[in-house]
>>> print(open('structure_34.txt').read())   # compact mmCIF, C-alpha atoms and all ligand atoms
# COMPACT_ATOMS: atom_id res chain seq x y z
CA MET H 1 -19.51 -56.81 -22.90
CA LEU H 2 -18.35 -58.50 -26.12
CA ASN H 3 -14.67 -58.67 -27.11
CA PHE H 4 -13.50 -55.93 -29.44
CA THR H 5 -10.54 -54.30 -31.18
CA PHE H 6 -10.73 -50.55 -31.61
CA CYS H 7 -8.48 -48.40 -33.76
CA ASN H 8 -9.53 -45.21 -35.47
CA PRO H 9 -6.56 -43.57 -37.19
CA VAL H 10 -8.40 -40.55 -38.71
CA LYS H 11 -6.98 -37.16 -37.77
CA ILE H 12 -9.88 -34.74 -37.32
CA VAL H 13 -9.27 -31.04 -37.93
CA PHE H 14 -12.40 -29.33 -36.65
CA GLY H 15 -13.58 -25.72 -36.73
CA LYS H 16 -13.73 -22.40 -38.55
CA GLU H 17 -11.30 -21.65 -41.39
CA THR H 18 -9.59 -25.02 -41.10
CA ILE H 19 -9.59 -25.74 -44.85
CA ALA H 20 -6.43 -23.61 -45.07
CA GLU H 21 -4.62 -26.39 -43.20
CA LEU H 22 -4.75 -28.56 -46.33
CA GLU H 23 -1.53 -26.87 -47.37
CA THR H 24 0.41 -28.75 -44.71
CA LEU H 25 -1.84 -31.79 -44.31
CA ILE H 26 -1.03 -33.05 -47.82
CA PRO H 27 2.71 -33.55 -48.48
CA ILE H 28 3.86 -31.15 -51.21
CA GLU H 29 5.35 -33.93 -53.38
CA LYS H 30 1.95 -35.65 -53.78
CA TYR H 31 0.08 -35.56 -57.10
CA VAL H 32 -3.46 -34.90 -55.90
CA MET H 33 -6.82 -35.74 -57.44
CA MET H 34 -9.54 -33.52 -55.96
CA VAL H 35 -12.84 -35.40 -56.16
CA TYR H 36 -16.13 -33.53 -55.80
CA GLY H 37 -19.85 -33.75 -56.56
CA GLY H 38 -22.34 -31.81 -58.64
CA GLY H 39 -21.06 -28.34 -57.86
CA SER H 40 -22.30 -27.31 -54.39
CA ILE H 41 -18.68 -26.56 -53.44
CA LYS H 42 -18.46 -23.97 -56.20
CA LYS H 43 -21.47 -22.09 -54.79
CA ASN H 44 -20.54 -22.02 -51.11
CA GLY H 45 -16.91 -20.96 -51.34
CA VAL H 46 -15.41 -24.32 -50.38
CA TYR H 47 -13.86 -24.85 -53.83
CA GLU H 48 -11.99 -21.50 -53.65
CA GLN H 49 -10.74 -22.27 -50.16
CA VAL H 50 -9.38 -25.64 -51.27
CA LYS H 51 -7.74 -24.19 -54.39
CA LYS H 52 -6.12 -21.44 -52.34
CA ALA H 53 -4.76 -23.85 -49.75
CA LEU H 54 -3.34 -26.15 -52.43
CA LYS H 55 -2.00 -23.50 -54.80
CA HIS H 56 1.51 -24.96 -54.61
CA HIS H 57 0.41 -28.59 -55.07
CA ASP H 58 0.09 -30.41 -58.38
CA MET H 59 -3.57 -31.30 -58.72
CA VAL H 60 -6.19 -32.59 -61.15
CA GLU H 61 -9.93 -32.24 -60.56
CA PHE H 62 -12.61 -34.87 -60.94
CA GLY H 63 -16.14 -33.50 -60.47
CA GLY H 64 -19.55 -35.01 -61.09
CA ILE H 65 -19.84 -37.65 -58.37
CA GLU H 66 -23.59 -38.12 -57.97
CA PRO H 67 -25.58 -38.75 -54.74
CA ASN H 68 -25.51 -42.55 -54.24
CA PRO H 69 -22.27 -42.60 -56.20
CA LEU H 70 -22.08 -44.78 -59.26
CA TYR H 71 -19.49 -47.45 -59.99
CA GLU H 72 -19.59 -46.32 -63.61
CA THR H 73 -18.50 -42.75 -62.68
CA CYS H 74 -15.88 -43.95 -60.22
CA MET H 75 -14.25 -46.13 -62.87
CA LYS H 76 -13.64 -43.04 -65.04
CA ALA H 77 -11.67 -41.53 -62.17
CA VAL H 78 -9.81 -44.83 -61.68
CA GLU H 79 -8.61 -44.67 -65.30
CA ILE H 80 -7.26 -41.14 -64.80
CA CYS H 81 -5.52 -42.12 -61.56
CA ARG H 82 -3.83 -45.05 -63.29
CA ARG H 83 -2.82 -43.00 -66.33
CA ASP H 84 -1.53 -39.96 -64.43
CA LYS H 85 -0.07 -41.85 -61.45
CA ILE H 86 -2.12 -39.95 -58.88
CA ASP H 87 -0.85 -40.65 -55.38
CA PHE H 88 -3.31 -38.74 -53.15
CA ILE H 89 -7.08 -38.34 -53.32
CA LEU H 90 -8.77 -35.37 -51.69
CA ALA H 91 -12.54 -35.81 -51.33
CA VAL H 92 -14.44 -32.52 -51.02
CA GLY H 93 -18.17 -32.89 -50.43
CA GLY H 94 -20.74 -35.14 -48.76
CA GLY H 95 -20.76 -38.84 -47.98
CA SER H 96 -21.18 -39.76 -51.64
CA VAL H 97 -17.97 -37.96 -52.62
CA LEU H 98 -16.10 -39.57 -49.74
CA ASP H 99 -17.43 -43.04 -50.49
CA ALA H 100 -16.60 -42.66 -54.19
CA SER H 101 -13.08 -41.54 -53.28
CA LYS H 102 -12.60 -44.61 -51.09
CA PHE H 103 -13.73 -46.91 -53.87
CA ILE H 104 -11.51 -45.14 -56.41
CA ALA H 105 -8.55 -45.35 -54.02
CA ALA H 106 -9.09 -49.08 -53.52
CA SER H 107 -9.66 -49.82 -57.22
CA VAL H 108 -6.58 -48.25 -58.80
CA ASP H 109 -4.22 -51.10 -57.85
CA PHE H 110 -6.87 -53.82 -57.46
CA ASP H 111 -5.35 -56.99 -58.87
CA GLY H 112 -8.56 -58.92 -59.55
CA GLU H 113 -10.49 -58.70 -62.79
CA ASP H 114 -12.97 -55.93 -61.96
CA PRO H 115 -13.09 -53.72 -58.84
CA TRP H 116 -16.86 -54.38 -58.67
CA GLU H 117 -15.77 -57.66 -57.00
CA ILE H 118 -14.74 -55.61 -53.96
CA LEU H 119 -18.41 -54.71 -53.50
CA VAL H 120 -20.27 -57.74 -54.69
CA LYS H 121 -17.94 -60.50 -53.44
CA GLY H 122 -16.00 -58.74 -50.72
CA ALA H 123 -12.77 -59.30 -52.71
CA GLU H 124 -9.68 -58.45 -50.69
CA ILE H 125 -7.92 -55.12 -51.12
CA THR H 126 -4.18 -55.12 -50.52
CA SER H 127 -3.43 -51.45 -51.14
CA ALA H 128 -5.18 -48.11 -51.60
CA ILE H 129 -4.14 -44.58 -52.54
CA PRO H 130 -4.11 -42.37 -49.41
CA ILE H 131 -7.21 -40.21 -48.95
CA GLY H 132 -7.99 -36.97 -47.14
CA SER H 133 -11.35 -35.24 -46.92
CA VAL H 134 -13.15 -31.96 -46.50
CA MET H 135 -16.58 -33.14 -45.34
CA THR H 136 -19.45 -30.74 -46.11
CA LEU H 137 -22.49 -32.83 -45.08
CA PRO H 138 -22.69 -34.28 -41.57
CA ALA H 139 -24.56 -37.57 -42.01
CA THR H 140 -22.75 -40.72 -43.01
CA GLY H 141 -19.71 -40.65 -40.73
CA SER H 142 -17.66 -41.51 -43.83
CA GLU H 143 -15.19 -38.80 -42.74
CA MET H 144 -14.15 -40.98 -39.81
CA ASN H 145 -14.77 -44.56 -40.88
CA SER H 146 -13.59 -47.18 -43.33
CA ASN H 147 -16.90 -47.80 -45.12
CA SER H 148 -18.03 -46.98 -48.62
CA VAL H 149 -21.37 -47.58 -50.35
CA ILE H 150 -21.47 -47.70 -54.14
CA SER H 151 -24.34 -48.16 -56.59
CA ARG H 152 -24.26 -49.68 -60.05
CA LYS H 153 -26.53 -48.20 -62.62
CA SER H 154 -26.45 -51.09 -65.10
CA THR H 155 -27.68 -53.62 -62.51
CA THR H 156 -29.60 -51.32 -60.08
CA GLU H 157 -27.57 -52.65 -57.16
CA LYS H 158 -26.18 -50.88 -54.10
CA PHE H 159 -23.46 -52.56 -52.02
CA HIS H 160 -20.93 -51.57 -49.40
CA PHE H 161 -17.36 -52.50 -48.57
CA SER H 162 -15.13 -51.77 -45.66
CA SER H 163 -11.35 -51.82 -45.35
CA PRO H 164 -8.92 -50.25 -42.89
CA LEU H 165 -6.91 -49.19 -45.96
CA VAL H 166 -9.52 -46.57 -46.89
CA TYR H 167 -9.74 -44.66 -43.62
CA PRO H 168 -9.10 -41.02 -44.54
CA GLN H 169 -5.69 -39.90 -43.24
CA PHE H 170 -7.40 -36.71 -42.15
CA SER H 171 -10.82 -35.08 -42.36
CA ILE H 172 -11.43 -31.37 -42.14
CA LEU H 173 -14.79 -30.54 -40.55
CA ASP H 174 -15.61 -26.84 -40.82
CA PRO H 175 -19.21 -26.36 -39.64
CA GLU H 176 -19.47 -23.15 -41.68
CA THR H 177 -19.34 -25.23 -44.87
CA THR H 178 -22.72 -26.70 -43.85
CA TYR H 179 -24.62 -23.36 -43.74
CA SER H 180 -25.43 -23.81 -47.43
CA LEU H 181 -27.10 -27.22 -47.02
CA PRO H 182 -30.69 -27.30 -48.30
CA GLU H 183 -33.19 -28.17 -45.55
CA ARG H 184 -33.71 -31.61 -47.10
CA GLN H 185 -30.02 -32.48 -46.80
CA THR H 186 -29.77 -31.14 -43.26
CA ALA H 187 -32.72 -33.35 -42.31
CA ASN H 188 -31.19 -36.31 -44.17
CA GLY H 189 -27.99 -35.88 -42.19
CA ILE H 190 -29.69 -35.70 -38.80
CA VAL H 191 -31.83 -38.77 -39.53
CA ASP H 192 -28.90 -40.78 -40.93
CA ALA H 193 -26.76 -40.08 -37.85
CA PHE H 194 -29.72 -40.89 -35.57
CA VAL H 195 -30.29 -44.23 -37.31
CA HIS H 196 -26.58 -45.08 -37.21
CA VAL H 197 -26.78 -44.81 -33.44
CA MET H 198 -29.95 -46.94 -33.41
CA GLU H 199 -28.27 -49.73 -35.41
CA GLN H 200 -25.57 -50.02 -32.74
CA TYR H 201 -27.71 -49.37 -29.64
CA MET H 202 -31.18 -50.77 -30.28
CA THR H 203 -30.34 -54.45 -29.91
CA PHE H 204 -30.12 -56.24 -26.53
CA ASP H 205 -28.34 -55.61 -23.26
CA VAL H 206 -24.80 -57.00 -22.93
CA ASN H 207 -23.95 -55.01 -19.81
CA ALA H 208 -22.15 -52.19 -21.62
CA PRO H 209 -23.55 -49.15 -19.80
CA LEU H 210 -20.88 -46.76 -21.08
CA GLN H 211 -21.63 -47.53 -24.74
CA ASP H 212 -25.38 -47.25 -24.01
CA ARG H 213 -24.94 -43.81 -22.47
CA GLN H 214 -22.58 -42.66 -25.24
CA ALA H 215 -25.23 -43.68 -27.78
CA GLU H 216 -27.98 -41.94 -25.80
CA ALA H 217 -25.80 -38.80 -25.56
CA ILE H 218 -25.62 -38.61 -29.35
CA LEU H 219 -29.38 -39.17 -29.71
CA LEU H 220 -30.18 -36.51 -27.10
CA THR H 221 -27.79 -34.02 -28.68
CA LEU H 222 -29.29 -34.52 -32.14
CA ILE H 223 -32.79 -34.04 -30.69
CA GLU H 224 -31.70 -30.83 -28.92
CA GLU H 225 -29.76 -29.30 -31.81
CA ALA H 226 -32.12 -30.14 -34.69
CA PRO H 227 -34.70 -27.42 -33.91
CA LYS H 228 -31.94 -24.81 -33.47
CA VAL H 229 -30.56 -25.42 -36.92
CA LYS H 230 -34.05 -25.43 -38.39
CA ALA H 231 -34.76 -22.04 -36.80
CA ASN H 232 -31.39 -20.61 -37.83
CA PRO H 233 -29.37 -22.47 -40.49
CA ASN H 234 -26.37 -20.22 -39.69
CA ASP H 235 -26.26 -21.16 -35.99
CA TYR H 236 -22.56 -22.07 -35.74
CA ASN H 237 -22.79 -24.03 -32.52
CA ALA H 238 -25.80 -26.06 -33.62
CA ARG H 239 -24.07 -26.87 -36.93
CA ALA H 240 -20.88 -27.78 -35.06
CA ASN H 241 -22.69 -30.04 -32.61
CA ILE H 242 -24.55 -31.86 -35.38
CA MET H 243 -21.31 -32.26 -37.32
CA TRP H 244 -19.51 -33.86 -34.39
CA CYS H 245 -22.53 -36.07 -33.61
CA ALA H 246 -22.49 -37.46 -37.16
CA ALA H 247 -18.80 -38.35 -36.95
CA GLU H 248 -19.15 -39.88 -33.48
CA ALA H 249 -22.21 -41.86 -34.53
CA LEU H 250 -20.24 -44.07 -36.90
CA ASN H 251 -16.54 -44.01 -36.02
CA GLY H 252 -16.40 -47.30 -34.12
CA VAL H 253 -16.67 -45.92 -30.58
CA ILE H 254 -20.28 -46.76 -29.78
CA SER H 255 -20.18 -50.11 -31.60
CA SER H 256 -17.23 -51.36 -29.55
CA GLY H 257 -18.18 -54.40 -27.50
CA VAL H 258 -21.89 -54.41 -28.35
CA PRO H 259 -24.12 -56.32 -30.81
CA GLN H 260 -25.19 -54.47 -33.96
CA ASP H 261 -28.26 -54.68 -36.16
CA TRP H 262 -27.92 -52.82 -39.55
CA ALA H 263 -31.09 -54.37 -41.01
CA THR H 264 -32.66 -50.93 -41.45
CA HIS H 265 -29.69 -49.89 -43.57
CA MET H 266 -29.67 -53.07 -45.65
CA LEU H 267 -33.37 -52.71 -46.47
CA GLY H 268 -32.88 -48.98 -47.05
CA HIS H 269 -30.17 -49.67 -49.63
CA GLU H 270 -32.61 -51.91 -51.54
CA LEU H 271 -35.23 -49.14 -51.53
CA THR H 272 -32.69 -46.64 -52.86
CA ALA H 273 -31.53 -49.10 -55.51
CA VAL H 274 -35.10 -49.76 -56.72
CA TYR H 275 -36.80 -46.38 -56.21
CA GLY H 276 -33.95 -43.85 -55.99
CA LEU H 277 -35.02 -42.44 -52.61
CA ASP H 278 -32.39 -40.54 -50.62
CA HIS H 279 -30.54 -42.79 -48.16
CA ALA H 280 -32.04 -41.15 -45.05
CA GLN H 281 -35.55 -41.09 -46.55
CA THR H 282 -35.42 -44.89 -46.76
CA LEU H 283 -34.19 -45.20 -43.17
CA ALA H 284 -37.01 -43.05 -41.77
CA CYS H 285 -39.56 -45.33 -43.47
CA VAL H 286 -37.93 -48.64 -42.51
CA LEU H 287 -36.88 -48.01 -38.90
CA PRO H 288 -40.33 -47.59 -37.26
CA SER H 289 -41.70 -50.62 -39.11
CA LEU H 290 -38.65 -52.70 -38.19
CA LEU H 291 -38.87 -51.70 -34.53
CA ARG H 292 -42.54 -52.72 -34.40
CA ASN H 293 -41.77 -56.02 -36.10
CA ARG H 294 -38.84 -56.80 -33.74
CA LYS H 295 -40.45 -55.25 -30.64
CA ASN H 296 -40.16 -58.36 -28.46
CA ALA H 297 -36.47 -58.92 -29.18
CA LYS H 298 -35.69 -55.23 -28.60
CA LEU H 299 -38.14 -54.59 -25.75
CA GLY H 300 -35.60 -53.87 -23.01
CA LYS H 301 -33.71 -51.32 -25.08
CA LEU H 302 -36.89 -49.70 -26.41
CA VAL H 303 -38.10 -49.16 -22.85
CA GLN H 304 -34.67 -47.86 -21.76
CA MET H 305 -34.48 -45.47 -24.69
CA GLY H 306 -37.98 -44.21 -24.00
CA ARG H 307 -37.11 -43.50 -20.39
CA ARG H 308 -33.66 -41.99 -20.90
CA VAL H 309 -34.03 -40.21 -24.23
CA PHE H 310 -37.70 -39.23 -24.43
CA GLY H 311 -38.60 -39.11 -20.71
CA ILE H 312 -41.35 -41.73 -21.12
CA ASN H 313 -42.43 -43.21 -17.79
CA GLU H 314 -44.77 -46.06 -18.56
CA ASN H 315 -45.26 -49.07 -16.28
CA ASP H 316 -46.41 -51.35 -19.08
CA ASN H 317 -43.29 -52.23 -21.14
CA GLU H 318 -45.26 -52.97 -24.29
CA LYS H 319 -46.90 -49.55 -24.16
CA GLY H 320 -43.57 -47.91 -23.29
CA ALA H 321 -41.95 -49.48 -26.34
CA GLU H 322 -44.75 -48.32 -28.62
CA LYS H 323 -44.50 -44.78 -27.21
CA THR H 324 -40.75 -44.80 -27.89
CA ILE H 325 -41.33 -45.75 -31.53
CA GLY H 326 -43.99 -43.02 -31.79
CA SER H 327 -41.54 -40.47 -30.36
CA ILE H 328 -38.92 -41.45 -32.94
CA GLU H 329 -41.49 -40.90 -35.69
CA ASP H 330 -42.43 -37.53 -34.17
CA PHE H 331 -38.77 -36.52 -34.11
CA PHE H 332 -38.32 -37.44 -37.78
CA HIS H 333 -41.44 -35.45 -38.67
CA SER H 334 -40.13 -32.48 -36.68
CA VAL H 335 -37.09 -32.19 -38.95
CA GLY H 336 -39.30 -32.43 -42.03
CA MET H 337 -38.71 -36.11 -42.76
CA LYS H 338 -41.53 -38.37 -43.95
CA THR H 339 -41.89 -41.86 -42.51
CA LYS H 340 -44.17 -43.72 -44.95
CA LEU H 341 -43.43 -45.09 -48.42
CA SER H 342 -46.85 -43.82 -49.49
CA ASP H 343 -45.53 -40.28 -48.83
CA TYR H 344 -43.29 -40.91 -51.84
CA ASN H 345 -46.10 -42.50 -53.89
CA ILE H 346 -44.63 -45.96 -53.46
CA ALA H 347 -47.03 -48.84 -52.82
CA SER H 348 -45.47 -50.77 -49.92
CA GLY H 349 -46.93 -54.09 -51.12
CA ASP H 350 -45.18 -53.75 -54.47
CA ALA H 351 -41.96 -52.72 -52.76
CA ALA H 352 -42.21 -55.76 -50.47
CA ASN H 353 -42.57 -58.12 -53.45
CA LYS H 354 -39.66 -56.59 -55.32
CA ILE H 355 -37.39 -56.69 -52.30
CA LEU H 356 -38.41 -60.24 -51.38
CA GLU H 357 -37.29 -61.37 -54.83
CA ARG H 358 -33.95 -59.58 -54.56
CA LEU H 359 -33.19 -60.78 -51.03
CA SER H 360 -34.33 -64.37 -51.64
CA LYS H 361 -31.87 -64.67 -54.54
CA ARG H 362 -29.05 -63.63 -52.21
CA ASN H 363 -30.48 -65.52 -49.21
CA ALA H 364 -29.90 -62.32 -47.25
CA ILE H 365 -30.27 -62.71 -43.48
CA TYR H 366 -30.10 -59.62 -41.25
CA GLY H 367 -30.42 -58.45 -37.65
CA GLU H 368 -28.48 -58.79 -34.40
CA HIS H 369 -29.90 -62.30 -33.91
CA GLU H 370 -29.54 -63.19 -37.60
CA ASP H 371 -33.21 -64.00 -37.71
CA ILE H 372 -34.53 -61.48 -40.23
CA THR H 373 -35.15 -63.74 -43.21
CA PRO H 374 -36.17 -62.40 -46.64
CA ASP H 375 -39.81 -63.12 -45.68
CA ILE H 376 -39.54 -61.04 -42.52
CA SER H 377 -37.76 -58.27 -44.45
CA ALA H 378 -40.67 -58.25 -46.89
CA GLU H 379 -43.13 -58.01 -43.98
CA ILE H 380 -41.20 -55.03 -42.61
CA ILE H 381 -41.24 -53.29 -45.99
CA LYS H 382 -44.95 -54.02 -46.41
CA ASN H 383 -45.63 -52.11 -43.19
CA CYS H 384 -43.43 -49.14 -44.12
O1 LIG L 401 -23.07 -33.10 -55.30
P1 LIG L 401 -23.05 -31.75 -54.69
O2 LIG L 401 -23.27 -30.66 -55.66
O3 LIG L 401 -21.84 -31.52 -53.82
O4 LIG L 401 -24.35 -31.64 -53.73
C1 LIG L 401 -24.62 -32.54 -52.68
C2 LIG L 401 -25.72 -33.55 -53.04
O5 LIG L 401 -26.57 -33.07 -54.01
C3 LIG L 401 -25.29 -31.75 -51.57
N1 LIG L 401 -24.35 -31.12 -50.64
C4 LIG L 401 -23.34 -31.70 -49.94
N2 LIG L 401 -22.76 -30.79 -49.14
C5 LIG L 401 -23.39 -29.60 -49.35
C6 LIG L 401 -24.40 -29.81 -50.31
N3 LIG L 401 -25.21 -28.82 -50.73
C7 LIG L 401 -25.03 -27.60 -50.19
N4 LIG L 401 -24.09 -27.34 -49.25
C8 LIG L 401 -23.27 -28.31 -48.79
N5 LIG L 401 -22.38 -28.05 -47.82
O6 LIG L 401 -26.07 -32.71 -50.87
C9 LIG L 401 -26.52 -33.71 -51.78
C10 LIG L 401 -26.39 -35.07 -51.13
O7 LIG L 401 -25.03 -35.37 -50.94
P2 LIG L 401 -24.56 -36.87 -50.59
O8 LIG L 401 -23.08 -36.84 -50.43
O9 LIG L 401 -25.15 -37.82 -51.56
O10 LIG L 401 -25.29 -37.12 -49.19
P3 LIG L 401 -24.85 -37.95 -47.94
O11 LIG L 401 -23.70 -37.32 -47.26
O12 LIG L 401 -26.08 -38.14 -47.17
O13 LIG L 401 -24.33 -39.33 -48.52
C11 LIG L 401 -25.21 -40.36 -48.90
C12 LIG L 401 -24.44 -41.57 -49.38
O14 LIG L 401 -23.62 -42.11 -48.34
C13 LIG L 401 -23.93 -43.51 -48.15
C14 LIG L 401 -25.38 -43.58 -48.56
O15 LIG L 401 -25.79 -44.88 -48.84
C15 LIG L 401 -25.39 -42.70 -49.79
O16 LIG L 401 -24.90 -43.39 -50.90
N6 LIG L 401 -23.61 -43.92 -46.77
C16 LIG L 401 -22.31 -44.03 -46.44
C17 LIG L 401 -21.91 -44.50 -45.21
C18 LIG L 401 -20.50 -44.62 -44.86
N7 LIG L 401 -19.57 -44.36 -45.75
O17 LIG L 401 -20.17 -44.99 -43.72
C19 LIG L 401 -22.87 -44.92 -44.19
C20 LIG L 401 -24.25 -44.46 -44.47
O18 LIG L 401 -25.13 -45.31 -43.76
C21 LIG L 401 -24.64 -44.40 -45.89
O19 LIG L 401 -25.04 -45.67 -46.34
ZN ZN L 402 -26.73 -44.38 -43.02
>>> encode(input="structure_34.txt", output="structure tokens")
Amino acid sequence: MLNFTFCNPVKIVFGKETIAELETLIPIEKYVMMVYGGGSIKKNGVYEQVKKALKHHDMVEFGGIEPNPLYETCMKAVEICRRDKIDFILAVGGGSVLDASKFIAASVDFDGEDPWEILVKGAEITSAIPIGSVMTLPATGSEMNSNSVISRKSTTEKFHFSSPLVYPQFSILDPETTYSLPERQTANGIVDAFVHVMEQYMTFDVNAPLQDRQAEAILLTLIEEAPKVKANPNDYNARANIMWCAAEALNGVISSGVPQDWATHMLGHELTAVYGLDHAQTLACVLPSLLRNRKNAKLGKLVQMGRRVFGINENDNEKGAEKTIGSIEDFFHSVGMKTKLSDYNIASGDAANKILERLSKRNAIYGEHEDITPDISAEIIKNC
């Protein structure tokens, strides 16, 4: 096992009618900015629940955070926070709202020239406004991690940052808030959580059997619960299980002491930046192609996953690995997710050329062995 430090300070408040607990979770003396997205919370009753719980708090609202949140929009909120001396940010929505809130929180007192430097140069953050969240879309794990991914419209770029200062102090996870998710977003969430596990599990063996089995437990649970929620979107237990899987998939537990890949995500971010595909749509196209390209390096884990997760018993490892990749594709299709760029009318050859140019400029090297050069990335995209 590799050395590691683990600390996850996020308080999780999980279950039915838990939004009411906001009243005591946020100190009464705080001046709160409630950040939300395009209005889903006003249709599913979440907005009313938040307003009711915080009726004695001083609060301003900032709506309009878009999916793949924009730097440009966040900076408008930063101005208001600075002007009004906001000292608590409550994110209410999906991963985009949470990520935007983290970036806003980190930008308000940023002492460099432009908070974009946090994303593009990894500029250091020395303070951030405290954040809490009501997470309504199980997918990103943003409710229980210190990551944020922000896009910039003017440059068509999408970058992430990470800082322990932006862990939410608490996250409320009420599975009933997810009944209103459109099928596309439910599928996005399941695929995103699945691929988060893959990025931390599908590498090479370092003798960490507990982490392997924890990762496999999340994969198996997602595979079991996905059809239940498809058949009945108001199945409380299925929604609850998926919600906890998404948080557990990216809260630092399964990555402790093991190598990590993240190439699928890095290439996915480029596809979103260039073509505007949903985050999970990009992952479902990239992952199978990446696994085929890196099959030799990942052979042991592919065979193990096939055996333990999909019940594949194949004596020939090469064939076993290919069957595992096929089963992953089948699972994505079963939730209604497409796995080819051509399904979105994108020519993979063009995409490969565009991404090669972008990655070559940055000399971007990915993968658990740091051997995925821009040329290999382009090959992977070409076969998506
Ligand atoms: O904007 P509103 O009106 O709220 O609607 C949203 C949005 O249109 C809607 N939605 C959310 N909850 C709903 C709902 N609709 C009905 N009922 C509900 N309960 O869903 C749409 C998509 O929301 P969004 O927040 O964009 O989706 P998601 O949670 O998948 O977040 C995607 C973003 O997170 C980043 C992605 O790159 C992308 O920018 N990621 C963040 C990570 C992290 N912080 O750790 C890791 C991930 O790998 C990912 O990169
Ligand atoms: Zn993701």
>>> residues_near_ligand(input="structure_34.txt", ligand="ligand LIG 401 (chain L)", cutoff="6 Å", atoms="only C-alpha atoms and all ligand atoms", output="NGL selection string")
:H and (37-41 or 66-69 or 93-97 or 99 or 136-137 or 139-142 or 147-149 or 177-178 or 180-182 or 185 or 189 or 279)
>>> closest_residue(input="structure_34.txt", among="H:Val50, H:Ala347, H:Lys43, H:Arg294", to="H:Ile376", atoms="all atoms listed in the file")
H:Arg294
>>> closest_atom_pairs(input="structure_34.txt", of="chain H", to="ligand ZN 402 (chain L)", cutoff="8 Å", atoms="all atoms listed in the file", output="CSV")
residue,atom,partner,partner_atom,distance
H:Ala139,CA,L:ZN402,ZN,7.2
H:Thr140,CA,L:ZN402,ZN,5.4
H:Asp192,CA,L:ZN402,ZN,4.7
H:Ala193,CA,L:ZN402,ZN,6.7
H:Val195,CA,L:ZN402,ZN,6.7
H:His196,CA,L:ZN402,ZN,5.9
H:His265,CA,L:ZN402,ZN,6.3
H:His279,CA,L:ZN402,ZN,6.6
H:Ala280,CA,L:ZN402,ZN,6.5
H:Leu283,CA,L:ZN402,ZN,7.5
>>> residues_around(input="structure_34.txt", residues="H:Arg82", least_positions_apart="4", cutoff="9 Å", atoms="all atoms listed in the file", output="compact mmCIF listing (two decimals) with C-alpha atoms, keeping the file's coordinate frame")
# COMPACT_ATOMS: atom_id res chain seq x y z
CA ALA H 77 -11.67 -41.53 -62.17
CA VAL H 78 -9.81 -44.83 -61.68
CA ILE H 86 -2.12 -39.95 -58.88
CA VAL H 108 -6.58 -48.25 -58.80
CA ASP H 109 -4.22 -51.10 -57.85
>>> closest_residue(input="structure_34.txt", among="H:Leu70, H:Thr186, H:Leu210, H:Leu165", to="H:Lys228", atoms="all atoms listed in the file")
H:Thr186
>>> residues_around(input="structure_34.txt", residues="H:Lys158", least_positions_apart="5", cutoff="10 Å", atoms="all atoms listed in the file", output="PyMOL selection string")
chain H and resi 68-71+119-120+149-153+266+268-274
>>> closest_residue(input="structure_34.txt", among="H:Lys16, H:Lys230, H:Lys30, H:Lys51", to="H:Ile89", atoms="only C-alpha atoms")
H:Lys30
>>> residues_around(input="structure_34.txt", residues="H:Thr73", least_positions_apart="6", cutoff="9 Å", atoms="only C-alpha atoms", output="ChimeraX atom specification")
/H:64-66,100
>>> residues_around(input="structure_34.txt", residues="H:His56", least_positions_apart="3", cutoff="10 Å", atoms="only C-alpha atoms", output="ChimeraX atom specification")
/H:23,28-29,51-53,59
>>> decode(input="structure_34.txt", residues="stretch 211-239 of chain H", atoms="C-alpha atoms", output="short mmCIF file (atom, residue, chain, number, x, y, z; two decimals), in the first residue's frame")
data_model
loop_
_atom_site.label_atom_id
_atom_site.label_comp_id
_atom_site.auth_asym_id
_atom_site.auth_seq_id
_atom_site.Cartn_x
_atom_site.Cartn_y
_atom_site.Cartn_z
CA GLN H 211 -9.63 -0.37 -0.97
CA ASP H 212 -10.21 -2.74 -3.92
CA ARG H 213 -13.23 -4.28 -2.24
CA GLN H 214 -14.59 -0.90 -1.14
CA ALA H 215 -14.36 0.26 -4.76
CA GLU H 216 -16.01 -2.92 -6.02
CA ALA H 217 -18.79 -2.50 -3.42
CA ILE H 218 -19.64 0.91 -4.86
CA LEU H 219 -19.58 -0.41 -8.44
CA LEU H 220 -21.80 -3.37 -7.54
CA THR H 221 -24.25 -1.17 -5.65
CA LEU H 222 -24.55 1.26 -8.55
CA ILE H 223 -25.16 -1.66 -10.93
CA GLU H 224 -27.85 -3.08 -8.63
CA GLU H 225 -29.65 0.18 -7.87
CA ALA H 226 -29.61 1.75 -11.35
CA PRO H 227 -32.43 -0.40 -12.80
CA LYS H 228 -34.58 0.16 -9.69
CA VAL H 229 -34.46 3.91 -10.07
CA LYS H 230 -35.10 3.63 -13.79
CA ALA H 231 -38.21 1.53 -13.12
CA ASN H 232 -39.41 3.81 -10.32
CA PRO H 233 -37.85 7.28 -10.01
CA ASN H 234 -39.56 7.68 -6.60
CA ASP H 235 -37.96 4.56 -5.09
CA TYR H 236 -36.60 6.12 -1.88
CA ASN H 237 -34.13 3.38 -1.05
CA ALA H 238 -32.69 3.21 -4.56
CA ARG H 239 -32.30 7.02 -4.60
#
